[in-house]
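*Asks:* You'll find query18.txt just under this line, and it carries compact mmCIF, C-alpha atoms.
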# COMPACT_ATOMS: atom_id res chain seq x y z
CA MET V 1 0.00 0.00 0.00
CA ALA V 2 1.42 3.38 -0.96
CA LEU V 3 2.22 5.90 1.73
CA PRO V 4 1.38 9.61 1.36
CA SER V 5 4.99 10.56 0.65
CA ASP V 6 3.99 12.90 -2.18
CA GLU V 7 2.40 15.32 0.28
CA VAL V 8 4.43 18.26 1.59
CA ASN V 9 6.70 17.02 4.41
CA ALA V 10 4.62 13.86 4.65
CA ASP V 11 7.63 11.77 5.70
CA ALA V 12 7.87 13.75 8.93
CA ARG V 13 4.57 12.19 10.01
CA LEU V 14 5.73 8.63 9.38
CA ALA V 15 7.01 6.26 12.05
CA VAL V 16 10.18 4.75 10.57
CA THR V 17 12.30 2.08 12.24
CA PHE V 18 15.32 0.31 10.83
CA TYR V 19 16.15 -3.02 12.46
CA LYS V 20 17.87 -6.36 11.90
CA ARG V 21 15.95 -9.52 11.11
CA SER V 22 17.29 -13.06 10.89
CA VAL V 23 16.14 -14.78 7.71
CA LYS V 24 16.41 -18.53 7.25
CA GLN V 25 18.62 -19.55 4.33
CA GLU V 26 16.86 -22.57 2.90
CA ASP V 27 19.66 -23.86 0.63
CA ASP V 28 22.32 -23.39 3.31
CA SER V 29 20.07 -25.10 5.89
CA ILE V 30 19.62 -28.14 3.66
CA ALA V 31 23.36 -28.29 2.97
CA ALA V 32 24.27 -27.99 6.67
CA GLY V 33 21.54 -30.28 8.01
CA ARG V 34 20.43 -27.65 10.53
CA PRO V 35 18.68 -24.26 10.45
CA ILE V 36 21.00 -21.57 9.12
CA TYR V 37 20.00 -17.93 9.51
CA LYS V 38 21.55 -14.71 8.24
CA GLU V 39 20.82 -11.18 9.43
CA PHE V 40 19.62 -8.45 7.07
CA ASP V 41 18.69 -4.79 7.50
CA PHE V 42 14.93 -4.22 7.43
CA VAL V 43 12.78 -1.11 7.60
CA ARG V 44 9.30 -0.72 9.06
CA ILE V 45 7.31 2.31 7.88
CA CYS V 46 3.86 3.10 9.20
CA VAL V 47 1.44 5.95 9.75
CA PRO V 48 0.74 6.50 13.47
CA GLY V 49 -2.90 5.75 14.22
CA ASP V 50 -3.41 3.80 10.99
CA ASN V 51 -3.25 0.04 11.52
CA LEU V 52 -3.87 -0.70 7.84
CA THR V 53 -0.94 1.24 6.39
CA GLU V 54 2.43 -0.38 7.02
CA ILE V 55 5.48 -1.38 5.02
CA ASP V 56 7.92 -3.93 6.44
CA THR V 57 10.63 -4.92 3.99
CA TYR V 58 14.35 -5.21 3.27
CA ALA V 59 16.07 -1.84 3.64
CA ASN V 60 17.51 -0.60 0.37
CA ASP V 61 19.46 2.51 -0.69
CA SER V 62 16.30 4.47 -1.42
CA HIS V 63 15.05 3.92 2.15
CA LYS V 64 18.40 5.01 3.57
CA ALA V 65 18.41 8.17 1.45
CA ARG V 66 14.77 8.96 2.17
CA PHE V 67 15.11 8.58 5.96
CA PRO V 68 18.73 9.59 6.69
CA ARG V 69 18.10 10.55 10.33
CA GLN V 70 16.53 7.18 11.21
CA TRP V 71 19.20 5.32 9.26
CA ALA V 72 21.99 7.17 11.07
CA HIS V 73 20.36 6.39 14.42
CA TYR V 74 20.13 2.71 13.51
CA GLN V 75 23.76 2.66 12.34
CA ASN V 76 24.86 4.06 15.68
CA GLN V 77 22.90 1.36 17.50
CA VAL V 78 24.39 -1.55 15.57
CA ALA V 79 27.91 -0.14 15.26
CA GLY V 80 30.44 -2.81 16.17
CA GLN V 81 27.92 -5.65 16.13
CA GLU V 82 28.90 -8.68 14.10
CA GLN V 83 26.46 -10.11 11.61
CA ILE V 84 24.82 -13.33 12.76
CA ILE V 85 25.31 -16.27 10.39
CA GLY V 86 24.61 -19.72 11.81
CA THR V 87 22.07 -21.59 13.90
CA PRO V 88 20.39 -19.27 16.42
CA LEU V 89 20.23 -20.62 19.95
CA GLU V 90 16.42 -20.33 19.80
CA GLU V 91 16.49 -23.05 17.11
CA TRP V 92 18.45 -25.48 19.30
CA PRO V 93 16.08 -27.93 21.03
CA LEU V 94 18.57 -28.54 23.86
CA ILE V 95 17.79 -25.24 25.59
CA SER V 96 14.67 -23.19 26.27
CA ARG V 97 13.92 -19.77 24.82
CA SER V 98 14.54 -18.15 28.19
CA GLN V 99 17.96 -19.78 28.36
CA ALA V 100 18.68 -18.65 24.80
CA GLU V 101 17.74 -15.08 25.71
CA GLU V 102 19.97 -15.22 28.78
CA LEU V 103 22.87 -16.45 26.69
CA LYS V 104 22.26 -13.72 24.13
CA GLY V 105 22.64 -11.27 26.97
CA ILE V 106 26.28 -12.33 27.29
CA LYS V 107 26.80 -12.29 23.50
CA PHE V 108 26.30 -16.00 22.76
CA ARG V 109 23.80 -15.89 19.91
CA THR V 110 24.38 -19.07 17.88
CA VAL V 111 25.24 -22.71 18.50
CA GLU V 112 28.49 -22.01 16.67
CA ASP V 113 29.34 -19.30 19.23
CA VAL V 114 29.08 -21.88 22.01
CA ALA V 115 30.92 -24.65 20.15
CA ASN V 116 33.86 -22.40 19.25
CA CYS V 117 34.21 -20.46 22.51
CA SER V 118 37.39 -20.58 24.59
CA ASP V 119 37.72 -21.86 28.15
CA LEU V 120 37.83 -18.25 29.32
CA GLN V 121 34.57 -17.45 27.53
CA LEU V 122 33.00 -20.58 29.04
CA GLN V 123 33.33 -19.07 32.50
CA ARG V 124 30.74 -16.44 31.54
CA ILE V 125 28.17 -19.12 30.70
CA GLY V 126 28.23 -20.73 34.11
CA MET V 127 25.15 -22.90 34.68
CA ILE V 128 22.79 -20.93 32.40
CA ALA V 129 22.16 -23.99 30.24
CA GLY V 130 21.46 -26.20 33.26
CA MET V 131 24.73 -28.13 32.90
CA SER V 132 28.43 -27.54 33.25
CA PRO V 133 29.75 -25.04 30.69
CA HIS V 134 32.27 -27.56 29.34
CA GLY V 135 29.50 -30.13 28.91
CA PHE V 136 27.39 -27.47 27.24
CA ARG V 137 30.17 -26.69 24.76
CA ASP V 138 30.58 -30.43 24.04
CA LYS V 139 26.84 -30.67 23.35
CA ALA V 140 27.12 -27.80 20.88
CA LYS V 141 30.01 -29.50 19.08
CA GLN V 142 28.09 -32.78 18.94
CA PHE V 143 25.03 -31.01 17.54
CA LEU V 144 27.06 -29.43 14.74
CA ASN V 145 28.95 -32.66 13.97
CA ILE V 146 25.77 -34.75 13.81
CA ALA V 147 24.08 -32.13 11.63
CA THR V 148 27.07 -32.15 9.26
CA GLU V 149 27.11 -35.95 9.06
CA THR V 150 23.34 -36.03 8.49
CA ALA V 151 23.67 -33.42 5.76
CA GLU V 152 26.41 -35.44 4.06
CA VAL V 153 24.28 -38.59 4.13
CA ALA V 154 21.29 -36.65 2.80
CA GLN V 155 23.47 -35.13 0.07
CA LYS V 156 24.74 -38.54 -1.00
CA GLU V 157 21.20 -39.92 -1.00
CA ALA V 158 20.05 -36.97 -3.08
CA GLU V 159 22.89 -37.59 -5.54
CA MET V 160 22.00 -41.30 -5.75
CA GLN V 161 18.34 -40.45 -6.28
CA ALA V 162 19.26 -37.98 -9.02
CA LEU V 163 21.43 -40.66 -10.65
CA ARG V 164 18.60 -43.20 -10.46
CA GLU V 165 16.19 -40.72 -12.00
CA GLU V 166 18.69 -39.89 -14.76
CA ASN V 167 19.23 -43.60 -15.51
CA ALA V 168 15.47 -44.17 -15.58
CA LYS V 169 15.09 -41.24 -17.96
CA ILE V 170 17.84 -42.58 -20.25
CA LYS V 171 16.28 -46.07 -20.19
CA ALA V 172 12.84 -44.66 -21.03
CA GLU V 173 14.28 -42.66 -23.93
CA THR V 174 16.23 -45.71 -25.18
CA ASP V 175 13.16 -47.97 -24.96
CA ALA V 176 11.09 -45.39 -26.83
CA LYS V 177 13.70 -45.15 -29.61
CA LEU V 178 13.91 -48.95 -29.88
CA ALA V 179 10.13 -49.21 -30.08
CA GLN V 180 10.07 -46.54 -32.77
CA MET V 181 12.80 -48.35 -34.74
CA GLN V 182 10.88 -51.61 -34.49
CA GLU V 183 7.72 -49.92 -35.77
CA GLN V 184 9.64 -48.41 -38.65
CA MET V 185 11.23 -51.77 -39.50
CA SER V 186 7.88 -53.54 -39.38
CA ALA V 187 6.36 -50.91 -41.67
CA LEU V 188 9.30 -51.22 -44.07
CA LEU V 189 9.01 -55.01 -44.22
CA ALA V 190 5.28 -54.74 -44.81
CA ALA V 191 5.83 -52.28 -47.68
CA VAL V 192 8.46 -54.56 -49.27
CA ALA V 193 6.14 -57.53 -48.97
CA GLU V 194 3.35 -55.65 -50.79
CA LYS V 195 5.65 -54.71 -53.70
CA THR V 196 7.06 -58.24 -54.15
CA PRO V 197 5.14 -60.06 -57.01
CA LYS V 198 3.43 -63.20 -55.88
CA GLN V 199 4.52 -66.42 -57.63
CA ARG V 200 1.78 -68.22 -59.57
CA LYS V 201 1.23 -71.88 -58.91
CA THR V 202 1.96 -74.15 -61.98
CA LYS V 203 -0.52 -76.92 -62.53
CA VAL V 204 1.11 -80.20 -63.50
CA VAL V 205 -0.85 -82.29 -66.02
CA GLU V 206 -0.14 -86.00 -65.86
CA ALA V 207 0.28 -87.84 -69.17
Could I get this file's structure written as structure tokens?

*Replies:*
Amino acid sequence: MALPSDEVNADARLAVTFYKRSVKQEDDSIAAGRPIYKEFDFVRICVPGDNLTEIDTYANDSHKARFPRQWAHYQNQVAGQEQIIGTPLEEWPLISRSQAEELKGIKFRTVEDVANCSDLQLQRIGMIAGMSPHGFRDKAKQFLNIATETAEVAQKEAEMQALREENAKIKAETDAKLAQMQEQMSALLAAVAEKTPKQRKTKVVEA
């Protein structure tokens, strides 16, 4: 729905918020065998008091140029933050959402963050996950390893299935060509038989 941006100073009456949103990467998730998310910049534009008029989409250059003050504010907020790429802790069945939020509070946002953290970083986790931090890190490593192995098996199975389908397709095409050749040969033999003069029978008269 279009916003009244063509009116004089209409943008000043809009509520504009830039924010980050994690978007699931379907191809990467299939390849990794676990949910993989990547963060993108989004913008939400709405008219205060109007629940029916709202835009919520990926932030592009036109949005940044149109709302420079809001974009600058957002940039200041996220300055120094690393982009999240991996499996968010909320997607890990081992822990609850409240535990995931508590871990995010100390900058552990993905399973990869936990699996790759140092012994010194482990001390910050403590018993948040309901187990020893070293055991928690081991669980994270196991989760990633199992997901990778599962993805490899699934990939091999997909390759085998694709090979079976390709072989079936080749066989079907070969059978169709053979059938067509047989039909053509039968038609050719029939045509030759029609053109061949039939031999007359000679009657033998006995003396």

*Asks:* Find the residue from V:Ile125, V:Ala115, V:Ala65, V:Cys46 that sits nearest to Lys139 of chain V; use only C-alpha atoms when measuring.

*Replies:*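 Nearest to Lys139 of chain V: V:Ala115.
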
*Asks:* May I ask for the distance between atom CA of Glu183 of chain V and atom CA of Lys195 of chain V, given in Å to one decimal place?

*Replies:*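 Pair atom CA of Glu183 of chain V / atom CA of Lys195 of chain V returns 18.7 Å.
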
*Asks:* Near segment 19-34 of chain V, within 12 Å and counting all atoms listed in the file, which residues show up once chain neighbours fewer than 6 positions away are dropped, as JSON, numbers by chain?

*Replies:* {"V": [40, 41, 42, 43, 44, 45, 56, 57, 58, 59, 70, 71, 72, 73, 74, 75, 76, 77, 78, 81, 82, 83, 84, 85, 86, 87, 88, 89, 90, 91, 92, 93, 109, 110, 111, 112, 143, 144, 145, 146, 147, 148, 149, 150, 151, 152, 153, 154, 155, 156, 158]}

*Asks:* Quick check, in Å to one decimal: how far apart do atom CA of Gln123 of chain V and atom CA of Gly135 of chain V lie?

*Replies:*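 Going from atom CA of Gln123 of chain V over to atom CA of Gly135 of chain V covers 12.2 Å.
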
*Asks:* Any idea what's packed within 8 Å of Phe136 of chain V, counting only C-alpha atoms, ignoring anything in its chain fewer than 5 positions away? Could you give it as a PyMOL selection string?

*Replies:* chain V and resi 114+129+131

*Asks:* Which residues are near segment 10-13 of chain V? Cut-off 12 Å, only C-alpha atoms, ignore same chain within fewer than 5 positions. Put them as an MDAnalysis selection string.

*Replies:* chainID V and resid 3:5 45:50 63 66:70

*Asks:* Keeping C-alpha atoms for every residue in the selection just given, could you write it to a file as a PDB file, keeping the file's coordinate frame?

*Replies:*
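Contents of the output file result_3.pdb:
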ATOM      1  CA  LEU V   3       2.220   5.900   1.730  1.00  0.00           C
ATOM      2  CA  PRO V   4       1.380   9.610   1.360  1.00  0.00           C
ATOM      3  CA  SER V   5       4.990  10.560   0.650  1.00  0.00           C
ATOM      4  CA  ILE V  45       7.310   2.310   7.880  1.00  0.00           C
ATOM      5  CA  CYS V  46       3.860   3.100   9.200  1.00  0.00           C
ATOM      6  CA  VAL V  47       1.440   5.950   9.750  1.00  0.00           C
ATOM      7  CA  PRO V  48       0.740   6.500  13.470  1.00  0.00           C
ATOM      8  CA  GLY V  49      -2.900   5.750  14.220  1.00  0.00           C
ATOM      9  CA  ASP V  50      -3.410   3.800  10.990  1.00  0.00           C
ATOM     10  CA  HIS V  63      15.050   3.920   2.150  1.00  0.00           C
ATOM     11  CA  ARG V  66      14.770   8.960   2.170  1.00  0.00           C
ATOM     12  CA  PHE V  67      15.110   8.580   5.960  1.00  0.00           C
ATOM     13  CA  PRO V  68      18.730   9.590   6.690  1.00  0.00           C
ATOM     14  CA  ARG V  69      18.100  10.550  10.330  1.00  0.00           C
ATOM     15  CA  GLN V  70      16.530   7.180  11.210  1.00  0.00           C
TER      16      GLN V  70
END

*Asks:* Between atom CA of Met160 of chain V and atom CA of Pro35 of chain V, what is the distance in Å, rounded to a tenth?

*Replies:*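 Interatomic distance here is 23.7 Å.
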
*Asks:* Skip Ile128 of chain V itself and residues of its chain fewer than 4 positions away, then list as a ChimeraX atom specification all residues within 8 Å of it, counting all atoms listed in the file.

*Replies:* /V:99,102-103

*Asks:* Output segment 34-48 of chain V as a CSV table (one decimal), in the frame of the given file, making sure N, CA and C atoms are there.

*Replies:*
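Saved as rebuild.csv:
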chain,number,residue,atom,x,y,z
V,34,ARG,N,21.0,-28.4,9.4
V,34,ARG,CA,20.4,-27.6,10.5
V,34,ARG,C,20.0,-26.3,10.1
V,35,PRO,N,19.1,-25.6,10.9
V,35,PRO,CA,18.7,-24.3,10.4
V,35,PRO,C,19.8,-23.3,10.4
V,36,ILE,N,20.0,-22.6,9.3
V,36,ILE,CA,21.0,-21.6,9.1
V,36,ILE,C,20.3,-20.2,8.8
V,37,TYR,N,20.6,-19.2,9.6
V,37,TYR,CA,20.0,-17.9,9.5
V,37,TYR,C,21.1,-16.9,9.2
V,38,LYS,N,20.7,-15.8,8.5
V,38,LYS,CA,21.6,-14.7,8.2
V,38,LYS,C,20.8,-13.4,8.5
V,39,GLU,N,21.5,-12.5,9.1
V,39,GLU,CA,20.8,-11.2,9.4
V,39,GLU,C,20.8,-10.2,8.2
V,40,PHE,N,19.7,-9.5,8.1
V,40,PHE,CA,19.6,-8.4,7.1
V,40,PHE,C,19.0,-7.2,7.7
V,41,ASP,N,19.3,-6.1,7.1
V,41,ASP,CA,18.7,-4.8,7.5
V,41,ASP,C,17.3,-4.7,6.9
V,42,PHE,N,16.3,-4.4,7.8
V,42,PHE,CA,14.9,-4.2,7.4
V,42,PHE,C,14.5,-2.8,7.8
V,43,VAL,N,13.4,-2.4,7.2
V,43,VAL,CA,12.8,-1.1,7.6
V,43,VAL,C,11.3,-1.3,7.8
V,44,ARG,N,10.7,-0.7,8.8
V,44,ARG,CA,9.3,-0.7,9.1
V,44,ARG,C,8.8,0.7,9.0
V,45,ILE,N,7.9,1.0,8.1
V,45,ILE,CA,7.3,2.3,7.9
V,45,ILE,C,5.8,2.2,8.1
V,46,CYS,N,5.3,3.1,9.0
V,46,CYS,CA,3.9,3.1,9.2
V,46,CYS,C,3.4,4.5,9.5
V,47,VAL,N,2.1,4.7,9.4
V,47,VAL,CA,1.4,6.0,9.8
V,47,VAL,C,0.8,5.8,11.1
V,48,PRO,N,1.3,6.6,12.1
V,48,PRO,CA,0.7,6.5,13.5
V,48,PRO,C,-0.8,6.6,13.5
